[in-house]
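Please read the structure below before turning to the comments.
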Amino acid sequence: MTPSSRPVLTAILSALAEEQHGLLEQLQGAQKQTVAGRDFWLGQLHGQPVALGLSRIGKVSATLTAAVLIGHFGASRIVFTGVAGGLAQGVKVGDVVVAHDFIQHDLDASPLFPRYEVPLYGRSRFACDPALTSLLGLAADRALATSSHDALQLLMGAQVHRGLIASGDRFVSSAAESSRLQADLQDAGHTALAVEMEGAAVAQICADYGVAFAAMRTISDRADDTAHIDFPTFVAAVASRYAQRIVNELLISLPEPA
Ligand code: ADE
């Protein structure tokens, strides 16, 4: 089969196993394949061929998982779900951020290149696919609007934000660090809504391969002194359900596979 005659495969990349569980339970014709020590699940969701993968934590692990999804399984689009720490004012626990683009807040090859610039790419920010991102944003809007009948009621008033997300190999767990990180980014002209540990790497890989990328993060903490306390409770109780709902809404809205 030539690459152009392959059915469109949508990869759902989750940061954590808790977020994948619900989708795995729904997966039809599930088949497991192990590549590079990672388990991937292939099957169908809402009539769409999908591959489910776990990014694990940090940019290197996420890069490898994304590269396997594209290079080995032939994914033609990647949708990332995970949690993040809120950075910008008004981005609160329980909100969702749909990424427009990503930056690596811990990348600094100065003075050879400006701080944050990815060497040899001539840019600091990697954009998500506008069409897929727009569908993901609408899916998040619908999922939050219809979540009032169960435990998610707790989070009524949750908002969907759209904008820049900063990634780096650090769990940001103090208000001082979070303010410094935000201020440094702002000095260079970047206002990030949230911070996490994988997205910018996957955005870069998708740009390299010419694969559409979209990402959503549920805000689990405010990247401050209580971040490490909020995080596990939140992931188990809320983020996994958000991810499942939003991905379902997205898949239903995608065009039928050819
Ligand atoms: N993911 C969720 N919360 C985070 C934080 N505070 N720092 C980095 N990644 C995160």
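Please note that chains go A, B, ... in the order of the structure tokens, that every chain numbers its residues from 1, and that ligands are numbered from 1 in the order shown.
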Select from chain A every residue with an atom at most 6 Å from any atom of ligand 1, then for each give the shortest pair of atoms and their distance in Å to one decimal, using only C-alpha atoms and all ligand atoms, rows by chain and rising number, as JSON lines.
{"residue": "A:Val83", "atom": "CA", "partner": "ligand 1", "partner_atom_place_in_ligand_line": "2 (C)", "distance": 4.9}
{"residue": "A:Ala84", "atom": "CA", "partner": "ligand 1", "partner_atom_place_in_ligand_line": "2 (C)", "distance": 3.5}
{"residue": "A:Gly85", "atom": "CA", "partner": "ligand 1", "partner_atom_place_in_ligand_line": "3 (N)", "distance": 3.8}
{"residue": "A:Arg170", "atom": "CA", "partner": "ligand 1", "partner_atom_place_in_ligand_line": "8 (C)", "distance": 5.8}
{"residue": "A:Phe171", "atom": "CA", "partner": "ligand 1", "partner_atom_place_in_ligand_line": "7 (N)", "distance": 3.7}
{"residue": "A:Val172", "atom": "CA", "partner": "ligand 1", "partner_atom_place_in_ligand_line": "7 (N)", "distance": 3.8}
{"residue": "A:Ser173", "atom": "CA", "partner": "ligand 1", "partner_atom_place_in_ligand_line": "6 (N)", "distance": 5.4}
{"residue": "A:Val195", "atom": "CA", "partner": "ligand 1", "partner_atom_place_in_ligand_line": "8 (C)", "distance": 5.3}
{"residue": "A:Glu196", "atom": "CA", "partner": "ligand 1", "partner_atom_place_in_ligand_line": "9 (N)", "distance": 3.4}
{"residue": "A:Met197", "atom": "CA", "partner": "ligand 1", "partner_atom_place_in_ligand_line": "9 (N)", "distance": 5.0}
{"residue": "A:Ser220", "atom": "CA", "partner": "ligand 1", "partner_atom_place_in_ligand_line": "2 (C)", "distance": 5.8}
{"residue": "A:Asp221", "atom": "CA", "partner": "ligand 1", "partner_atom_place_in_ligand_line": "3 (N)", "distance": 5.6}
{"residue": "A:Ala223", "atom": "CA", "partner": "ligand 1", "partner_atom_place_in_ligand_line": "6 (N)", "distance": 3.6}
{"residue": "A:Ala227", "atom": "CA", "partner": "ligand 1", "partner_atom_place_in_ligand_line": "6 (N)", "distance": 5.4}
Using N, CA and C atoms, can you write the selected residues to a file as a PDB file, in the first residue's frame?
ATOM      1  N   VAL A  83      -2.018  17.052  31.143  1.00  0.00           N
ATOM      2  CA  VAL A  83      -2.291  18.105  32.115  1.00  0.00           C
ATOM      3  C   VAL A  83      -1.142  19.110  32.084  1.00  0.00           C
ATOM      4  N   ALA A  84      -1.390  20.270  32.649  1.00  0.00           N
ATOM      5  CA  ALA A  84      -0.364  21.319  32.658  1.00  0.00           C
ATOM      6  C   ALA A  84      -0.554  22.190  33.885  1.00  0.00           C
ATOM      7  N   GLY A  85       0.485  22.937  34.210  1.00  0.00           N
ATOM      8  CA  GLY A  85       0.392  23.938  35.264  1.00  0.00           C
ATOM      9  C   GLY A  85      -0.033  25.265  34.636  1.00  0.00           C
ATOM     10  N   ARG A 170      11.207  20.095  33.372  1.00  0.00           N
ATOM     11  CA  ARG A 170      11.132  20.426  34.796  1.00  0.00           C
ATOM     12  C   ARG A 170       9.674  20.438  35.214  1.00  0.00           C
ATOM     13  N   PHE A 171       9.383  19.844  36.366  1.00  0.00           N
ATOM     14  CA  PHE A 171       8.064  20.037  36.965  1.00  0.00           C
ATOM     15  C   PHE A 171       8.150  21.344  37.753  1.00  0.00           C
ATOM     16  N   VAL A 172       7.418  22.343  37.355  1.00  0.00           N
ATOM     17  CA  VAL A 172       7.533  23.677  37.964  1.00  0.00           C
ATOM     18  C   VAL A 172       6.691  23.698  39.236  1.00  0.00           C
ATOM     19  N   SER A 173       7.372  23.783  40.370  1.00  0.00           N
ATOM     20  CA  SER A 173       6.659  23.578  41.637  1.00  0.00           C
ATOM     21  C   SER A 173       6.966  24.655  42.669  1.00  0.00           C
ATOM     22  N   VAL A 195       2.319  25.556  31.438  1.00  0.00           N
ATOM     23  CA  VAL A 195       3.621  24.896  31.338  1.00  0.00           C
ATOM     24  C   VAL A 195       3.437  23.389  31.519  1.00  0.00           C
ATOM     25  N   GLU A 196       4.144  22.633  30.684  1.00  0.00           N
ATOM     26  CA  GLU A 196       4.129  21.165  30.809  1.00  0.00           C
ATOM     27  C   GLU A 196       5.472  20.631  30.312  1.00  0.00           C
ATOM     28  N   MET A 197       5.567  19.327  30.024  1.00  0.00           N
ATOM     29  CA  MET A 197       6.893  18.748  29.833  1.00  0.00           C
ATOM     30  C   MET A 197       7.094  18.016  28.504  1.00  0.00           C
ATOM     31  N   SER A 220      -3.963  21.244  35.950  1.00  0.00           N
ATOM     32  CA  SER A 220      -4.008  20.439  37.181  1.00  0.00           C
ATOM     33  C   SER A 220      -3.504  21.207  38.394  1.00  0.00           C
ATOM     34  N   ASP A 221      -2.780  22.300  38.172  1.00  0.00           N
ATOM     35  CA  ASP A 221      -2.153  23.037  39.279  1.00  0.00           C
ATOM     36  C   ASP A 221      -1.740  24.398  38.747  1.00  0.00           C
ATOM     37  N   ALA A 223       1.358  25.605  38.988  1.00  0.00           N
ATOM     38  CA  ALA A 223       2.831  25.608  38.898  1.00  0.00           C
ATOM     39  C   ALA A 223       3.430  26.416  40.063  1.00  0.00           C
ATOM     40  N   ALA A 227       1.900  22.724  43.733  1.00  0.00           N
ATOM     41  CA  ALA A 227       1.684  22.001  42.460  1.00  0.00           C
ATOM     42  C   ALA A 227       1.791  20.487  42.636  1.00  0.00           C
TER      43      ALA A 227
END
Name all residues at most 6 Å from Ala143 (chain A) (count only C-alpha atoms; drop same-chain ones fewer than 3 positions away) and give them as a list in words.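 Listed by chain and then number, they are Ala140, Thr146, Arg245 and Ile246 of chain A.
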Export of the given selection (all heavy atoms) as a CSV table (one decimal), in the first residue's frame:
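After the write, result-v9.csv holds the following:
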chain,number,residue,atom,x,y,z
A,140,ALA,N,-13.5,20.8,22.8
A,140,ALA,CA,-13.4,21.1,24.3
A,140,ALA,C,-14.5,22.0,24.7
A,140,ALA,O,-15.0,21.8,25.8
A,140,ALA,CB,-12.0,21.8,24.5
A,146,THR,N,-21.2,20.3,28.3
A,146,THR,CA,-22.1,19.2,28.6
A,146,THR,C,-21.7,18.4,29.9
A,146,THR,O,-22.2,17.3,30.1
A,146,THR,CB,-22.3,18.3,27.4
A,146,THR,OG1,-20.9,17.8,27.1
A,146,THR,CG2,-22.9,18.9,26.3
A,245,ARG,N,-13.6,12.7,27.2
A,245,ARG,CA,-14.8,13.4,26.6
A,245,ARG,C,-14.3,14.3,25.4
A,245,ARG,O,-15.0,14.3,24.4
A,245,ARG,CB,-15.3,14.4,27.6
A,245,ARG,CG,-16.3,13.8,28.5
A,245,ARG,CD,-16.6,14.7,29.7
A,245,ARG,NE,-17.4,14.0,30.6
A,245,ARG,CZ,-18.7,14.2,30.8
A,245,ARG,NH1,-19.3,15.2,30.2
A,245,ARG,NH2,-19.4,13.5,31.7
A,246,ILE,N,-13.2,15.0,25.6
A,246,ILE,CA,-12.8,15.9,24.5
A,246,ILE,C,-12.4,15.1,23.3
A,246,ILE,O,-12.7,15.4,22.1
A,246,ILE,CB,-11.7,16.9,25.0
A,246,ILE,CG1,-12.4,17.8,26.1
A,246,ILE,CG2,-11.2,17.7,23.9
A,246,ILE,CD1,-11.4,18.7,26.8
Excluding same-chain residues fewer than 3 positions from Ala212 (chain A), what lies within 8 Å of it counting only C-alpha atoms, as a list of chain:residue names? A:Ser76, A:Arg77, A:Ile78, A:Cys128, A:Asp129, A:Leu132, A:Cys206, A:Ala207
Please, could you write that set of residues out with all heavy atoms as a PDB file, in the first residue's frame?
ATOM      1  N   SER A  76      -1.150  10.047  10.503  1.00  0.00           N
ATOM      2  CA  SER A  76      -1.147  11.269   9.695  1.00  0.00           C
ATOM      3  C   SER A  76      -1.575  12.481  10.500  1.00  0.00           C
ATOM      4  O   SER A  76      -1.545  13.599  10.002  1.00  0.00           O
ATOM      5  CB  SER A  76      -1.997  11.115   8.450  1.00  0.00           C
ATOM      6  OG  SER A  76      -3.064  10.261   8.695  1.00  0.00           O
ATOM      7  N   ARG A  77      -2.036  12.257  11.718  1.00  0.00           N
ATOM      8  CA  ARG A  77      -2.253  13.389  12.619  1.00  0.00           C
ATOM      9  C   ARG A  77      -2.084  12.897  14.050  1.00  0.00           C
ATOM     10  O   ARG A  77      -2.348  11.727  14.350  1.00  0.00           O
ATOM     11  CB  ARG A  77      -3.607  14.053  12.405  1.00  0.00           C
ATOM     12  CG  ARG A  77      -4.770  13.113  12.453  1.00  0.00           C
ATOM     13  CD  ARG A  77      -6.058  13.835  12.014  1.00  0.00           C
ATOM     14  NE  ARG A  77      -7.134  12.891  11.824  1.00  0.00           N
ATOM     15  CZ  ARG A  77      -8.057  12.988  10.875  1.00  0.00           C
ATOM     16  NH1 ARG A  77      -8.036  13.969  10.012  1.00  0.00           N
ATOM     17  NH2 ARG A  77      -9.007  12.085  10.777  1.00  0.00           N
ATOM     18  N   ILE A  78      -1.633  13.799  14.906  1.00  0.00           N
ATOM     19  CA  ILE A  78      -1.439  13.450  16.323  1.00  0.00           C
ATOM     20  C   ILE A  78      -2.223  14.434  17.173  1.00  0.00           C
ATOM     21  O   ILE A  78      -2.131  15.654  16.979  1.00  0.00           O
ATOM     22  CB  ILE A  78       0.057  13.484  16.725  1.00  0.00           C
ATOM     23  CG1 ILE A  78       0.836  12.401  15.975  1.00  0.00           C
ATOM     24  CG2 ILE A  78       0.205  13.297  18.229  1.00  0.00           C
ATOM     25  CD1 ILE A  78       2.276  12.198  16.443  1.00  0.00           C
ATOM     26  N   CYS A 128       0.696  24.608  15.975  1.00  0.00           N
ATOM     27  CA  CYS A 128      -0.160  23.438  15.776  1.00  0.00           C
ATOM     28  C   CYS A 128      -0.925  23.617  14.464  1.00  0.00           C
ATOM     29  O   CYS A 128      -0.966  24.710  13.908  1.00  0.00           O
ATOM     30  CB  CYS A 128      -1.140  23.311  16.937  1.00  0.00           C
ATOM     31  SG  CYS A 128      -0.294  23.094  18.509  1.00  0.00           S
ATOM     32  N   ASP A 129      -1.511  22.527  13.991  1.00  0.00           N
ATOM     33  CA  ASP A 129      -2.277  22.591  12.743  1.00  0.00           C
ATOM     34  C   ASP A 129      -3.561  23.396  12.978  1.00  0.00           C
ATOM     35  O   ASP A 129      -4.375  23.032  13.849  1.00  0.00           O
ATOM     36  CB  ASP A 129      -2.634  21.160  12.306  1.00  0.00           C
ATOM     37  CG  ASP A 129      -3.435  21.154  11.021  1.00  0.00           C
ATOM     38  OD1 ASP A 129      -2.834  21.424   9.967  1.00  0.00           O
ATOM     39  OD2 ASP A 129      -4.659  20.911  11.072  1.00  0.00           O
ATOM     40  N   LEU A 132      -7.083  21.292  12.597  1.00  0.00           N
ATOM     41  CA  LEU A 132      -7.274  20.275  13.649  1.00  0.00           C
ATOM     42  C   LEU A 132      -7.430  20.948  15.017  1.00  0.00           C
ATOM     43  O   LEU A 132      -8.233  20.530  15.856  1.00  0.00           O
ATOM     44  CB  LEU A 132      -6.068  19.316  13.645  1.00  0.00           C
ATOM     45  CG  LEU A 132      -6.197  18.028  14.461  1.00  0.00           C
ATOM     46  CD1 LEU A 132      -7.389  17.191  14.017  1.00  0.00           C
ATOM     47  CD2 LEU A 132      -4.903  17.194  14.366  1.00  0.00           C
ATOM     48  N   CYS A 206       6.347  16.786  14.641  1.00  0.00           N
ATOM     49  CA  CYS A 206       5.252  16.812  13.663  1.00  0.00           C
ATOM     50  C   CYS A 206       5.580  17.783  12.532  1.00  0.00           C
ATOM     51  O   CYS A 206       5.287  17.514  11.369  1.00  0.00           O
ATOM     52  CB  CYS A 206       3.940  17.177  14.339  1.00  0.00           C
ATOM     53  SG  CYS A 206       3.283  15.816  15.324  1.00  0.00           S
ATOM     54  N   ALA A 207       6.206  18.917  12.873  1.00  0.00           N
ATOM     55  CA  ALA A 207       6.603  19.868  11.829  1.00  0.00           C
ATOM     56  C   ALA A 207       7.638  19.213  10.911  1.00  0.00           C
ATOM     57  O   ALA A 207       7.573  19.348   9.685  1.00  0.00           O
ATOM     58  CB  ALA A 207       7.159  21.146  12.460  1.00  0.00           C
TER      59      ALA A 207
END
Tell me which protein, DNA and RNA residues are within 10 Å of Gly163 (chain A), counting only C-alpha atoms, leaving out same-chain ones fewer than 5 positions away, and put them as JSON, numbers by chain. {"A": [97, 98, 99, 100, 101, 102, 191, 192, 193, 194]}
Dump C-alpha atoms for the selected residues as a tab-separated table (two decimals), in the first residue's frame?
chain	number	residue	atom	x	y	z
A	97	VAL	CA	-5.85	25.05	27.29
A	98	VAL	CA	-5.91	24.23	23.59
A	99	ALA	CA	-2.45	24.97	22.20
A	100	HIS	CA	-1.98	27.27	19.23
A	101	ASP	CA	1.77	26.83	19.44
A	102	PHE	CA	4.61	25.66	21.69
A	191	THR	CA	3.22	34.99	26.75
A	192	ALA	CA	2.59	31.38	27.74
A	193	LEU	CA	-0.72	30.26	29.20
A	194	ALA	CA	0.54	27.01	30.72
Spatial neighbours of Ser240 (chain A), 10 Å, only C-alpha atoms, chain gap at least 2 places, as a PyMOL selection string: chain A and resi 14+16-23+81-83+218+234-238+242-245
Using only C-alpha atoms, the shortest atom-to-atom distance to Ser124 (chain A) among A:Ala215, A:Ile252, A:Leu164, A:Ala158 belongs to A:Leu164
Mind checking which residues fall within 10 Å of His190 (chain A), counting only C-alpha atoms, ignoring those fewer than 5 positions away in the same chain, and posting them as a PDB file with N, CA and C atoms, in the first residue's frame?
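File written: selection.pdb
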ATOM      1  N   ILE A 103       6.583  26.443  22.843  1.00  0.00           N
ATOM      2  CA  ILE A 103       7.968  26.918  22.961  1.00  0.00           C
ATOM      3  C   ILE A 103       8.658  26.079  24.038  1.00  0.00           C
ATOM      4  N   HIS A 105      10.754  26.255  27.119  1.00  0.00           N
ATOM      5  CA  HIS A 105      11.227  27.298  28.042  1.00  0.00           C
ATOM      6  C   HIS A 105      12.613  27.014  28.587  1.00  0.00           C
ATOM      7  N   TYR A 116      15.796  30.563  23.615  1.00  0.00           N
ATOM      8  CA  TYR A 116      14.550  29.869  23.202  1.00  0.00           C
ATOM      9  C   TYR A 116      14.546  29.430  21.740  1.00  0.00           C
ATOM     10  N   SER A 124      11.563  29.940  17.474  1.00  0.00           N
ATOM     11  CA  SER A 124      11.390  29.455  18.848  1.00  0.00           C
ATOM     12  C   SER A 124      10.066  28.730  19.026  1.00  0.00           C
ATOM     13  N   ARG A 125       9.098  29.068  18.192  1.00  0.00           N
ATOM     14  CA  ARG A 125       7.750  28.538  18.401  1.00  0.00           C
ATOM     15  C   ARG A 125       7.346  27.624  17.254  1.00  0.00           C
ATOM     16  N   LEU A 164      -0.402  29.987  23.581  1.00  0.00           N
ATOM     17  CA  LEU A 164       0.950  29.396  23.642  1.00  0.00           C
ATOM     18  C   LEU A 164       1.119  28.549  24.907  1.00  0.00           C
ATOM     19  N   ILE A 165       1.745  27.378  24.748  1.00  0.00           N
ATOM     20  CA  ILE A 165       2.120  26.535  25.896  1.00  0.00           C
ATOM     21  C   ILE A 165       3.642  26.392  25.895  1.00  0.00           C
ATOM     22  N   ALA A 166       4.230  26.455  27.095  1.00  0.00           N
ATOM     23  CA  ALA A 166       5.686  26.303  27.238  1.00  0.00           C
ATOM     24  C   ALA A 166       5.993  24.910  27.777  1.00  0.00           C
ATOM     25  N   GLN A 182       7.822  32.825  33.528  1.00  0.00           N
ATOM     26  CA  GLN A 182       6.871  33.636  32.764  1.00  0.00           C
ATOM     27  C   GLN A 182       7.500  34.980  32.378  1.00  0.00           C
ATOM     28  N   ALA A 183       8.216  35.595  33.352  1.00  0.00           N
ATOM     29  CA  ALA A 183       8.817  36.912  33.089  1.00  0.00           C
ATOM     30  C   ALA A 183       9.902  36.803  32.014  1.00  0.00           C
ATOM     31  N   ASP A 184      10.725  35.747  32.092  1.00  0.00           N
ATOM     32  CA  ASP A 184      11.790  35.573  31.092  1.00  0.00           C
ATOM     33  C   ASP A 184      11.199  35.371  29.700  1.00  0.00           C
ATOM     34  N   LEU A 185      10.150  34.569  29.622  1.00  0.00           N
ATOM     35  CA  LEU A 185       9.505  34.354  28.328  1.00  0.00           C
ATOM     36  C   LEU A 185       8.943  35.674  27.805  1.00  0.00           C
TER      37      LEU A 185
END
For Ser253 (chain A), which of A:Ala175, A:Ala131, A:Leu42, A:Ile70 is the closest residue, counting only C-alpha atoms?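 Under the stated criterion, the closest residue is A:Ala131.
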Using DSSP on the backbone, list every residue of region 26-140 of chain A that comes out as alpha helix (DSSP H), and give them as a count of residues only. 25
From the DSSP assignment of the backbone, select every residue of region 68-207 of chain A that is strand (DSSP E), and format the answer as a PyMOL selection string. chain A and resi 77-86+96-104+125-127+160-167+192-196
Å distance separating CA of Asp230 (chain A) from CA of Leu87 (chain A), one decimal place: 14.9 Å
Separation of CA of Leu254 (chain A) from CA of Leu45 (chain A) in Å: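 Value for the CA of Leu45 (chain A)-CA of Leu254 (chain A) distance: 11.2 Å.
Checking A:Gln104, A:Pro255, A:Lys92, A:Asp39 one by one against Val8 (chain A), counting only C-alpha atoms, you find the shortest gap at A:Pro255.
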Within 10 Å of Gly53 (chain A), counting only C-alpha atoms, which residues show up once you throw out same-chain ones fewer than 3 positions away? Write them as an NGL selection string, please. :A and (11-17 or 20 or 38-42 or 50 or 56 or 62 or 65-66 or 68-69 or 80)
One residue among A:Arg241, A:Lys32, A:Arg162, A:Arg115 is nearest to Ala188 (chain A) when using only C-alpha atoms, and that residue is A:Arg115
Rounded to one decimal place, report the CA of Leu251 (chain A)-CA of Gln48 (chain A) distance in Å.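 Calculated distance between CA of Leu251 (chain A) and CA of Gln48 (chain A) is 7.1 Å.
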